[in-house]
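A short worksheet on the structure shown next.
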Amino acid sequence: MSHGPSASGGALVAAPPHGHYHDEPHEPVFVGEARTQLDTILSRYPTKQAALLPALWMLQDARGWVSEKGIEEIASLLEITPAYIKGVVSFYTMYHQHPVGRHFIQVCTTTPCNICGAEEVVKSFLEHTGCGDLGLTSPDGTYTVIEVECLGACGFATPVMINNDFIESVTPESVPRILSELK
C-alpha cells in the first residue's frame, strides 16, 4: 500500500520550510568559508567534475535542497553543464529537488519491513507530524515524510532515517517519543 510519492518519485510540498521558497532570490552558497572548503575538495580530485557530489552535498546542507539556481552556481564553478548536474541530481534519491522539512523522515517500506508493520509506522509519522500524506511538508515546515525502498536493516524493522540519523526498530507507539527528541 502506498501513501503517495516516495524517494524515487516527484514529491509534493504543502508548505516550503522557512527560508527555502522556490521564488526567493538565489544567494551564492560558495563564498567565503564555503568557497575555501570547495577549493580544498577540488584539490583532492583530478578534475573539477569529480567534485560534483561533494559540491551538491554542500549546497544541500546550506539550502536544504538543490535548486535550479544552485545547480547553475555549481555548473559555473565546476565548468560543467547544468544539464549534466540535473542528471546526477535526478539519479540519486539523496538529493532533494524541492524544499523539504527541517526533519526529513524516511521510512523503509520494503516487504520485510511491511510484514513487520512499516505501514503503521508510516501512518503514525504522518499523523504526528501533520504532513497528511507522503512527500508533503508539514504546514510549519518542520517535517517531510517519505517511504524508501530499503535502509539495509531488515533485522531491525522498521528502520527510519531522520536527516542523517538512523533509528532501528521503530514502532507506531515510539513515533511520538522520537519526534519529541528532535531538535
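Identifiers for the C-alpha cells are assigned positionally: chains receive A, B, ... in sequence, residues are indexed from 1 per chain, and ligands are indexed from 1 in the order shown.
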
> Contacts of Ile178 in chain A at 10 Å or less, counting only C-alpha atoms, minus same-chain residues fewer than 6 places along, as a PyMOL selection string?
Replying inline: chain A and resi 125+162+167+170

> Smallest atom-to-atom distance to Thr129 in chain A: which of A:Pro176, A:Leu78, A:Pro159, A:Gln49, using only C-alpha atoms?
Replying inline: A:Pro176

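One finds CA of His96 in chain A at 23.2 Å from CA of Ser124 in chain A.
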
> Can you list, as number ranges by chain, every residue of range 24-142 of chain A that DSSP puts in alpha helix (DSSP H)?
Replying inline: A: 33-42, 52-63, 68-78, 82-91, 111-115, 118-129

>> When DSSP is applied to the backbone of this structure, which of chain A are assigned strand (DSSP E)? Write them out as number ranges by chain.
In response: A: 103-108, 143-148, 160-162, 165-167

> If you count only C-alpha atoms, which residues fall within 12 Å of Lys48 in chain A, apart from same-chain ones fewer than 6 positions away, as a ChimeraX atom specification?
Replying inline: /A:38-42,54-55,74-80

Let's have the selection written as a short mmCIF file (atom, residue, chain, number, x, y, z; two decimals), in the first residue's frame, with C-alpha atoms.
```
data_model
loop_
_atom_site.label_atom_id
_atom_site.label_comp_id
_atom_site.auth_asym_id
_atom_site.auth_seq_id
_atom_site.Cartn_x
_atom_site.Cartn_y
_atom_site.Cartn_z
CA LEU A 38 35.15 23.70 -2.02
CA ASP A 39 38.66 24.68 -3.17
CA THR A 40 40.11 22.18 -0.67
CA ILE A 41 37.79 19.49 -2.03
CA LEU A 42 38.73 20.37 -5.61
CA PRO A 54 30.57 16.85 -2.53
CA ALA A 55 29.59 20.21 -4.06
CA ILE A 74 27.83 24.67 -9.26
CA ALA A 75 27.91 24.36 -13.06
CA SER A 76 29.78 27.63 -13.31
CA LEU A 77 32.29 26.70 -10.60
CA LEU A 78 32.94 23.17 -11.85
CA GLU A 79 32.78 24.11 -15.53
CA ILE A 80 30.15 21.52 -16.42
#
```

>> Quick one: residues within 7 Å of range 143-155 of chain A, only C-alpha atoms, excluding same-chain residues fewer than 4 positions away - as an MDAnalysis selection string?
In response: chainID A and resid 6:7 100:110 112:113 126 129 131 134:138 159

Any chance you can output those residues with C-alpha atoms as an mmCIF file, in the first residue's frame?
```cif
data_model
loop_
_atom_site.group_PDB
_atom_site.id
_atom_site.type_symbol
_atom_site.label_atom_id
_atom_site.label_comp_id
_atom_site.auth_asym_id
_atom_site.auth_seq_id
_atom_site.Cartn_x
_atom_site.Cartn_y
_atom_site.Cartn_z
ATOM 1 C CA SER A 6 8.364 8.025 -2.439
ATOM 2 C CA ALA A 7 12.053 8.876 -2.530
ATOM 3 C CA VAL A 100 11.698 19.684 2.364
ATOM 4 C CA GLY A 101 11.071 19.991 6.082
ATOM 5 C CA ARG A 102 13.854 20.629 8.575
ATOM 6 C CA HIS A 103 13.439 16.995 9.633
ATOM 7 C CA PHE A 104 13.439 14.731 6.562
ATOM 8 C CA ILE A 105 11.946 11.393 7.644
ATOM 9 C CA GLN A 106 12.478 8.263 5.535
ATOM 10 C CA VAL A 107 10.579 5.107 6.493
ATOM 11 C CA CYS A 108 11.549 1.757 4.974
ATOM 12 C CA THR A 109 8.501 0.044 3.487
ATOM 13 C CA THR A 110 10.033 -2.875 1.611
ATOM 14 C CA PRO A 112 10.327 -7.427 5.183
ATOM 15 C CA CYS A 113 9.587 -4.130 6.942
ATOM 16 C CA LEU A 126 2.022 11.192 9.028
ATOM 17 C CA THR A 129 3.895 15.345 12.043
ATOM 18 C CA CYS A 131 2.176 16.057 6.957
ATOM 19 C CA LEU A 134 3.873 11.135 1.947
ATOM 20 C CA GLY A 135 6.055 13.709 0.264
ATOM 21 C CA LEU A 136 4.153 16.654 1.723
ATOM 22 C CA THR A 137 5.834 19.028 4.137
ATOM 23 C CA SER A 138 4.069 19.925 7.388
ATOM 24 C CA PRO A 159 14.157 1.275 10.309
#
```

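Among the candidate residues A:Tyr92, A:Phe30, A:Tyr45, A:Phe156, the one lying nearest to Glu72 in chain A is A:Phe30, with distances computed using only C-alpha atoms.
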
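For Gly117 in chain A, the non-local neighbours within 8 Å, defined as residues at least 4 positions apart in the same chain or in other chains and counting only C-alpha atoms, are Cys113, Val121, Ala157, Thr158 and Thr171 of chain A.
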
Deliver the residues from the most recent selection as a file, using C-alpha atoms, as an mmCIF file, in the first residue's frame.
```cif
data_model
loop_
_atom_site.group_PDB
_atom_site.id
_atom_site.type_symbol
_atom_site.label_atom_id
_atom_site.label_comp_id
_atom_site.auth_asym_id
_atom_site.auth_seq_id
_atom_site.Cartn_x
_atom_site.Cartn_y
_atom_site.Cartn_z
ATOM 1 C CA CYS A 113 9.587 -4.130 6.942
ATOM 2 C CA VAL A 121 4.784 3.351 11.344
ATOM 3 C CA ALA A 157 12.283 -3.482 11.284
ATOM 4 C CA THR A 158 11.056 -0.849 10.954
ATOM 5 C CA THR A 171 7.021 1.141 16.157
#
```
